[in-house]
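Here's start_34.pdb, which has PDB, C-alpha atoms, pLDDT in the B column:
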```
ATOM      1  CA  MET A 109     -11.484 -51.959 -40.959  1.00 51.00           C
ATOM      2  CA  PRO A 110      -9.218 -49.398 -42.675  1.00 55.00           C
ATOM      3  CA  ALA A 111      -9.702 -47.099 -39.656  1.00 53.00           C
ATOM      4  CA  LEU A 112      -8.437 -49.822 -37.304  1.00 50.00           C
ATOM      5  CA  ARG A 113      -5.297 -50.327 -39.437  1.00 52.00           C
ATOM      6  CA  GLN A 114      -4.684 -46.595 -39.334  1.00 53.00           C
ATOM      7  CA  LEU A 115      -5.008 -46.508 -35.508  1.00 50.00           C
ATOM      8  CA  ALA A 116      -2.654 -49.453 -35.194  1.00 51.00           C
ATOM      9  CA  ALA A 117      -0.101 -47.650 -37.351  1.00 54.00           C
ATOM     10  CA  TRP A 118      -0.252 -44.595 -35.096  1.00 53.00           C
ATOM     11  CA  GLY A 119       0.329 -46.554 -31.918  1.00 53.00           C
ATOM     12  CA  GLY A 120      -3.105 -47.746 -30.975  1.00 53.00           C
ATOM     13  CA  ARG A 121      -5.315 -44.981 -29.564  1.00 60.00           C
ATOM     14  CA  GLY A 122      -3.968 -41.968 -31.381  1.00 61.00           C
ATOM     15  CA  GLN A 123      -1.017 -39.673 -30.963  1.00 69.00           C
ATOM     16  CA  ALA A 124      -0.334 -37.766 -27.762  1.00 79.00           C
ATOM     17  CA  GLY A 125       1.126 -34.264 -27.953  1.00 86.00           C
ATOM     18  CA  PHE A 126       0.355 -30.702 -28.990  1.00 88.00           C
ATOM     19  CA  THR A 127      -0.595 -29.359 -32.354  1.00 92.00           C
ATOM     20  CA  LEU A 128       1.441 -26.681 -34.070  1.00 93.00           C
ATOM     21  CA  VAL A 129      -1.344 -24.147 -33.486  1.00 93.00           C
ATOM     22  CA  GLU A 130      -1.294 -24.822 -29.744  1.00 93.00           C
ATOM     23  CA  LEU A 131       2.475 -24.428 -29.556  1.00 93.00           C
ATOM     24  CA  VAL A 132       2.409 -21.147 -31.506  1.00 94.00           C
ATOM     25  CA  LEU A 133      -0.371 -19.825 -29.243  1.00 95.00           C
ATOM     26  CA  VAL A 134       1.680 -20.586 -26.129  1.00 95.00           C
ATOM     27  CA  LEU A 135       4.700 -18.831 -27.616  1.00 95.00           C
ATOM     28  CA  VAL A 136       2.616 -15.760 -28.455  1.00 94.00           C
ATOM     29  CA  LEU A 137       1.244 -15.623 -24.890  1.00 92.00           C
ATOM     30  CA  LEU A 138       4.757 -15.910 -23.446  1.00 91.00           C
ATOM     31  CA  ALA A 139       5.935 -13.093 -25.700  1.00 90.00           C
ATOM     32  CA  VAL A 140       3.102 -10.831 -24.544  1.00 89.00           C
ATOM     33  CA  LEU A 141       3.808 -11.602 -20.888  1.00 83.00           C
ATOM     34  CA  SER A 142       7.502 -10.954 -21.281  1.00 83.00           C
ATOM     35  CA  ALA A 143       6.851  -7.647 -23.043  1.00 84.00           C
ATOM     36  CA  VAL A 144       4.298  -6.346 -20.516  1.00 81.00           C
ATOM     37  CA  ALA A 145       4.523  -8.053 -17.139  1.00 75.00           C
ATOM     38  CA  ILE A 146       8.182  -8.847 -16.626  1.00 71.00           C
ATOM     39  CA  PRO A 147       9.454  -5.238 -16.862  1.00 67.00           C
ATOM     40  CA  ARG A 148       6.942  -4.279 -14.178  1.00 64.00           C
ATOM     41  CA  LEU A 149       8.010  -7.155 -11.955  1.00 63.00           C
ATOM     42  CA  SER A 150      11.678  -6.378 -12.315  1.00 61.00           C
ATOM     43  CA  ASP A 151      11.309  -2.696 -11.299  1.00 63.00           C
ATOM     44  CA  ALA A 152      12.035  -3.067  -7.587  1.00 65.00           C
ATOM     45  CA  ASP A 153      11.871   0.678  -6.863  1.00 71.00           C
ATOM     46  CA  THR A 154       8.313   0.890  -8.143  1.00 74.00           C
ATOM     47  CA  PHE A 155       7.235  -2.023  -5.966  1.00 76.00           C
ATOM     48  CA  LYS A 156       8.950  -0.483  -2.943  1.00 80.00           C
ATOM     49  CA  ALA A 157       7.203   2.823  -3.607  1.00 79.00           C
ATOM     50  CA  LEU A 158       3.828   1.091  -3.926  1.00 82.00           C
ATOM     51  CA  ALA A 159       4.442  -0.816  -0.693  1.00 83.00           C
ATOM     52  CA  PHE A 160       5.491   2.399   1.056  1.00 83.00           C
ATOM     53  CA  GLY A 161       2.292   4.089  -0.129  1.00 85.00           C
ATOM     54  CA  GLU A 162       0.183   1.280   1.293  1.00 89.00           C
ATOM     55  CA  GLN A 163       2.134   1.415   4.576  1.00 87.00           C
ATOM     56  CA  VAL A 164       1.479   5.157   4.864  1.00 87.00           C
ATOM     57  CA  ARG A 165      -2.213   4.636   4.086  1.00 90.00           C
ATOM     58  CA  ALA A 166      -2.498   1.881   6.721  1.00 90.00           C
ATOM     59  CA  THR A 167      -0.605   3.986   9.266  1.00 89.00           C
ATOM     60  CA  MET A 168      -2.981   6.919   8.801  1.00 90.00           C
ATOM     61  CA  ARG A 169      -5.976   4.606   9.261  1.00 92.00           C
ATOM     62  CA  LEU A 170      -4.390   3.172  12.401  1.00 91.00           C
ATOM     63  CA  ALA A 171      -3.720   6.668  13.779  1.00 91.00           C
ATOM     64  CA  GLN A 172      -7.353   7.672  13.324  1.00 93.00           C
ATOM     65  CA  LYS A 173      -8.696   4.451  14.851  1.00 92.00           C
ATOM     66  CA  THR A 174      -6.260   4.625  17.768  1.00 91.00           C
ATOM     67  CA  ALA A 175      -7.246   8.223  18.553  1.00 92.00           C
ATOM     68  CA  VAL A 176     -10.945   7.376  18.628  1.00 93.00           C
ATOM     69  CA  SER A 177     -10.652   4.046  20.448  1.00 91.00           C
ATOM     70  CA  HIS A 178      -8.239   5.319  23.134  1.00 92.00           C
ATOM     71  CA  ARG A 179      -9.885   8.782  23.367  1.00 93.00           C
ATOM     72  CA  ARG A 180      -6.443  10.343  23.066  1.00 93.00           C
ATOM     73  CA  LEU A 181      -4.693  12.733  20.706  1.00 94.00           C
ATOM     74  CA  VAL A 182      -2.501  10.865  18.187  1.00 93.00           C
ATOM     75  CA  CYS A 183       0.209  12.749  16.306  1.00 93.00           C
ATOM     76  CA  ALA A 184       1.605  11.632  12.954  1.00 91.00           C
ATOM     77  CA  SER A 185       5.082  12.981  12.213  1.00 88.00           C
ATOM     78  CA  PHE A 186       6.593  12.754   8.754  1.00 84.00           C
ATOM     79  CA  THR A 187      10.069  12.788   7.329  1.00 83.00           C
ATOM     80  CA  ALA A 188      10.908  12.405   3.658  1.00 80.00           C
ATOM     81  CA  SER A 189      10.876   8.622   3.974  1.00 80.00           C
ATOM     82  CA  SER A 190       9.095   7.628   7.199  1.00 82.00           C
ATOM     83  CA  VAL A 191       6.011   8.084   9.386  1.00 85.00           C
ATOM     84  CA  THR A 192       6.072   8.002  13.196  1.00 87.00           C
ATOM     85  CA  LEU A 193       3.061   7.944  15.535  1.00 91.00           C
ATOM     86  CA  THR A 194       2.931   9.309  19.080  1.00 91.00           C
ATOM     87  CA  ILE A 195       0.007   9.463  21.502  1.00 92.00           C
ATOM     88  CA  ALA A 196      -0.969  11.704  24.414  1.00 92.00           C
ATOM     89  CA  THR A 197      -1.079   9.992  27.806  1.00 90.00           C
ATOM     90  CA  VAL A 198      -3.951  12.116  29.139  1.00 88.00           C
ATOM     91  CA  PHE A 199      -7.237  13.501  27.859  1.00 86.00           C
ATOM     92  CA  PRO A 200      -7.566  16.325  26.965  1.00 85.00           C
ATOM     93  CA  ALA A 201      -4.076  17.104  25.705  1.00 84.00           C
ATOM     94  CA  ASN A 202      -2.347  19.548  23.381  1.00 86.00           C
ATOM     95  CA  ALA A 203       0.739  17.419  22.735  1.00 87.00           C
ATOM     96  CA  CYS A 204       1.705  13.804  22.169  1.00 90.00           C
ATOM     97  CA  ASN A 205       4.360  12.448  24.484  1.00 89.00           C
ATOM     98  CA  THR A 206       4.555   8.655  24.085  1.00 89.00           C
ATOM     99  CA  ASN A 207       5.640   6.665  21.028  1.00 88.00           C
ATOM    100  CA  VAL A 208       3.128   4.225  19.623  1.00 84.00           C
ATOM    101  CA  PRO A 209       5.347   1.217  18.896  1.00 78.00           C
ATOM    102  CA  PRO A 210       4.719  -0.443  15.534  1.00 78.00           C
ATOM    103  CA  PRO A 211       4.192  -4.210  15.399  1.00 75.00           C
ATOM    104  CA  SER A 212       7.599  -4.686  13.775  1.00 75.00           C
ATOM    105  CA  GLY A 213       9.448  -2.847  16.549  1.00 75.00           C
ATOM    106  CA  GLY A 214      11.459   0.340  16.205  1.00 73.00           C
ATOM    107  CA  THR A 215       9.753   3.726  15.949  1.00 71.00           C
ATOM    108  CA  ALA A 216       8.763   4.255  12.313  1.00 74.00           C
ATOM    109  CA  TYR A 217       5.502   2.773  11.107  1.00 75.00           C
ATOM    110  CA  ALA A 218       6.224   3.268   7.437  1.00 73.00           C
ATOM    111  CA  SER A 219       9.674   3.709   5.982  1.00 73.00           C
ATOM    112  CA  SER A 220      11.198   3.579   2.545  1.00 70.00           C
ATOM    113  CA  GLY A 221      14.627   4.049   1.118  1.00 62.00           C
ATOM    114  CA  SER A 222      13.499   4.912  -2.397  1.00 61.00           C
ATOM    115  CA  ALA A 223      10.126   6.696  -2.256  1.00 65.00           C
ATOM    116  CA  THR A 224       9.697  10.185  -0.877  1.00 68.00           C
ATOM    117  CA  LEU A 225       6.745  11.550   1.025  1.00 68.00           C
ATOM    118  CA  GLY A 226       5.381  15.084   0.964  1.00 66.00           C
ATOM    119  CA  PRO A 227       4.203  17.533   2.186  1.00 64.00           C
ATOM    120  CA  LEU A 228       6.043  17.202   5.461  1.00 65.00           C
ATOM    121  CA  THR A 229       3.536  18.722   7.900  1.00 80.00           C
ATOM    122  CA  ASP A 230       2.458  16.879  11.027  1.00 88.00           C
ATOM    123  CA  LEU A 231      -1.135  15.727  11.355  1.00 91.00           C
ATOM    124  CA  TYR A 232      -3.114  15.468  14.584  1.00 93.00           C
ATOM    125  CA  PHE A 233      -5.837  12.863  14.951  1.00 93.00           C
ATOM    126  CA  GLN A 234      -8.316  14.093  17.539  1.00 93.00           C
ATOM    127  CA  PRO A 235     -10.290  11.761  19.870  1.00 93.00           C
ATOM    128  CA  SER A 236     -13.478  12.966  18.173  1.00 92.00           C
ATOM    129  CA  GLY A 237     -12.293  11.551  14.815  1.00 89.00           C
ATOM    130  CA  LEU A 238     -11.295  14.883  13.261  1.00 92.00           C
ATOM    131  CA  VAL A 239      -7.902  15.342  11.642  1.00 91.00           C
ATOM    132  CA  THR A 240      -6.318  18.727  12.241  1.00 91.00           C
ATOM    133  CA  SER A 241      -3.133  20.587  11.422  1.00 88.00           C
ATOM    134  CA  ASP A 242      -2.671  21.712  15.037  1.00 89.00           C
ATOM    135  CA  ALA A 243      -2.703  19.802  18.317  1.00 88.00           C
ATOM    136  CA  ALA A 244      -5.405  22.031  19.796  1.00 89.00           C
ATOM    137  CA  GLY A 245      -7.815  20.836  17.100  1.00 87.00           C
ATOM    138  CA  SER A 246      -8.839  24.257  15.816  1.00 88.00           C
ATOM    139  CA  THR A 247      -7.851  23.869  12.136  1.00 88.00           C
ATOM    140  CA  THR A 248      -9.410  20.868  10.402  1.00 90.00           C
ATOM    141  CA  VAL A 249      -7.577  19.657   7.315  1.00 88.00           C
ATOM    142  CA  ASN A 250      -9.864  19.090   4.380  1.00 83.00           C
ATOM    143  CA  PRO A 251      -8.376  17.207   2.691  1.00 88.00           C
ATOM    144  CA  ALA A 252      -4.747  16.527   3.521  1.00 86.00           C
ATOM    145  CA  ILE A 253      -2.976  14.978   0.551  1.00 87.00           C
ATOM    146  CA  LEU A 254       0.273  13.112   1.072  1.00 86.00           C
ATOM    147  CA  THR A 255       2.085  12.645  -2.214  1.00 86.00           C
ATOM    148  CA  ILE A 256       4.379   9.673  -2.621  1.00 83.00           C
ATOM    149  CA  SER A 257       6.838   9.391  -5.479  1.00 81.00           C
ATOM    150  CA  ASN A 258       5.973   6.543  -7.876  1.00 79.00           C
ATOM    151  CA  ALA A 259       2.804   5.646  -5.935  1.00 82.00           C
ATOM    152  CA  ARG A 260      -0.796   6.737  -5.487  1.00 85.00           C
ATOM    153  CA  SER A 261      -1.204   9.690  -3.119  1.00 87.00           C
ATOM    154  CA  VAL A 262      -2.878   9.303   0.278  1.00 88.00           C
ATOM    155  CA  THR A 263      -5.870  11.562   0.927  1.00 90.00           C
ATOM    156  CA  ILE A 264      -7.075  12.221   4.480  1.00 90.00           C
ATOM    157  CA  TYR A 265     -10.420  13.939   4.982  1.00 92.00           C
ATOM    158  CA  GLY A 266     -10.248  15.997   8.156  1.00 88.00           C
ATOM    159  CA  ASP A 267     -13.994  16.258   8.804  1.00 90.00           C
ATOM    160  CA  THR A 268     -14.471  12.493   8.998  1.00 89.00           C
ATOM    161  CA  GLY A 269     -10.973  11.054   9.421  1.00 87.00           C
ATOM    162  CA  TYR A 270     -11.502   8.910   6.326  1.00 89.00           C
ATOM    163  CA  VAL A 271      -8.245   7.832   4.654  1.00 90.00           C
ATOM    164  CA  ASP A 272      -8.241   7.046   0.949  1.00 88.00           C
TER     165      ASP A 272
END
```

Using the file provided, produce a representation of the structure as structure tokens.
Amino acid sequence: MPALRQLAAWGGRGQAGFTLVELVLVLVLLAVLSAVAIPRLSDADTFKALAFGEQVRATMRLAQKTAVSHRRLVCASFTASSVTLTIATVFPANACNTNVPPPSGGTAYASSGSATLGPLTDLYFQPSGLVTSDAAGSTTVNPAILTISNARSVTIYGDTGYVD
């Protein structure tokens, strides 16, 4: 019966709440998160650069797939902060003459105000799947590496068209 008197004194079924150890553990976890994760989340330029890198990577994959599926030459033109795709209207062709409109409208597939892209040489995606540095398809790039400030570089293997 002494246990029943003790339960009655505490409010019946026991106390609800957190122990001191649990509260300290939560505070320690919050401190670790604030020290590590929050500075990364608050750096908007880094996130924009990472997003730009992924846009460039996706654009290069799209250029290769479009060239093969349409059996047309696709040209990727670069500026310091954007990528534009054009396609040839006939096969075979030595030049691209029609813009490939991106889903979002406009002309640039990938664009960024903060990250920079280099080197700034055009790439030509051949209907056979090769990636070359000239429209005629005589010089295969192997590999072409596009460096992006504050992001992972984009590597394009000319022999296969694989984009990593």

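Taking all atoms listed in the file into account, Val239 in chain A lies nearest to A:Gln172 out of the set A:Thr255, A:Asn207, A:Ser190, A:Gln172.
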
7 Å contact set for Leu193 in chain A, all atoms listed in the file, chain neighbours under 4 positions out, as JSON, numbers by chain: {"A": [182, 183, 184, 185, 207, 208]}

So that I have them on file, write out the residues from the current selection with C-alpha atoms, as a CSV table (one decimal), in the frame of the given file.
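Result saved to result_29.csv:
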```csv
chain,number,residue,atom,x,y,z
A,182,VAL,CA,-2.5,10.9,18.2
A,183,CYS,CA,0.2,12.7,16.3
A,184,ALA,CA,1.6,11.6,13.0
A,185,SER,CA,5.1,13.0,12.2
A,207,ASN,CA,5.6,6.7,21.0
A,208,VAL,CA,3.1,4.2,19.6
```

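Going from CA of Ala244 in chain A to CA of Ser261 in chain A covers 26.4 Å.
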
Once you count all atoms listed in the file, what closest atom pair and distance in Å to one decimal does each residue of range 139-178 of chain A within 10 Å of range 195-204 of chain A have, with rows by chain and rising residue number, as JSON lines?
```
{"residue": "A:Ala171", "atom": "CA", "partner": "A:Ile195", "partner_atom": "CA", "distance": 9.0}
{"residue": "A:Thr174", "atom": "CA", "partner": "A:Ile195", "partner_atom": "CA", "distance": 8.8}
{"residue": "A:Ala175", "atom": "CA", "partner": "A:Ile195", "partner_atom": "CA", "distance": 7.9}
{"residue": "A:His178", "atom": "CA", "partner": "A:Ile195", "partner_atom": "CA", "distance": 9.4}
```

With C-alpha atoms kept, could you save the residues just selected as a PDB file, keeping the file's coordinate frame?
```pdb
ATOM      1  CA  ALA A 171      -3.720   6.668  13.779  1.00 91.00           C
ATOM      2  CA  THR A 174      -6.260   4.625  17.768  1.00 91.00           C
ATOM      3  CA  ALA A 175      -7.246   8.223  18.553  1.00 92.00           C
ATOM      4  CA  HIS A 178      -8.239   5.319  23.134  1.00 92.00           C
TER       5      HIS A 178
END
```

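Of the listed residues (A:Gln234, A:Ser241, A:Ala216, A:Leu158), A:Gln234 comes nearest to Arg179 in chain A; the distances count all atoms listed in the file.
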
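One finds CA of Ala188 in chain A at 15.1 Å from CA of Thr215 in chain A.
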
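Separating CA of Val262 in chain A from CA of Pro209 in chain A is a distance of 21.9 Å.
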
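In this comparison, which uses all atoms listed in the file, the residue of A:Val144, A:Val134, A:Ser177, A:Ala243 approaching Asp230 in chain A most closely is A:Ala243.
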
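With all atoms listed in the file as the atoms that count, the residue of A:Val176, A:Leu131, A:Ile146, A:Leu254 with the shortest distance to Phe233 in chain A is A:Val176.
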
Residue among A:Glu130, A:Glu162, A:Asp153, A:Asp242 lying closest to Arg260 in chain A, counting all atoms listed in the file: A:Glu162

Set up a box along x, y and z of the file covering all listed atoms of range 257-261 of chain A, add 5 Å on every one of the six sides, and write the centre and edge lengths in Å to one decimal, as AutoDock Vina command-line options.
```
--center_x 2.8 --center_y 7.7 --center_z -5.5 --size_x 18.0 --size_y 14.0 --size_z 14.8
```

Result set, the PyMOL selection byres ((chain A and resi 258) around 8) on current file, as an MDAnalysis selection string: chainID A and resid 154 157:158 223 256:257 259:260

For the residues in that selection, give me C-alpha atoms as a tab-separated table (two decimals), in the frame of the given file.
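File produced: part16.tsv:
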```
chain	number	residue	atom	x	y	z
A	154	THR	CA	8.31	0.89	-8.14
A	157	ALA	CA	7.20	2.82	-3.61
A	158	LEU	CA	3.83	1.09	-3.93
A	223	ALA	CA	10.13	6.70	-2.26
A	256	ILE	CA	4.38	9.67	-2.62
A	257	SER	CA	6.84	9.39	-5.48
A	259	ALA	CA	2.80	5.65	-5.94
A	260	ARG	CA	-0.80	6.74	-5.49
```

Top pick for closest residue to Thr268 in chain A, considering A:Gly213, A:Arg169, A:Val191, A:Ala159 and counting only C-alpha atoms: A:Arg169
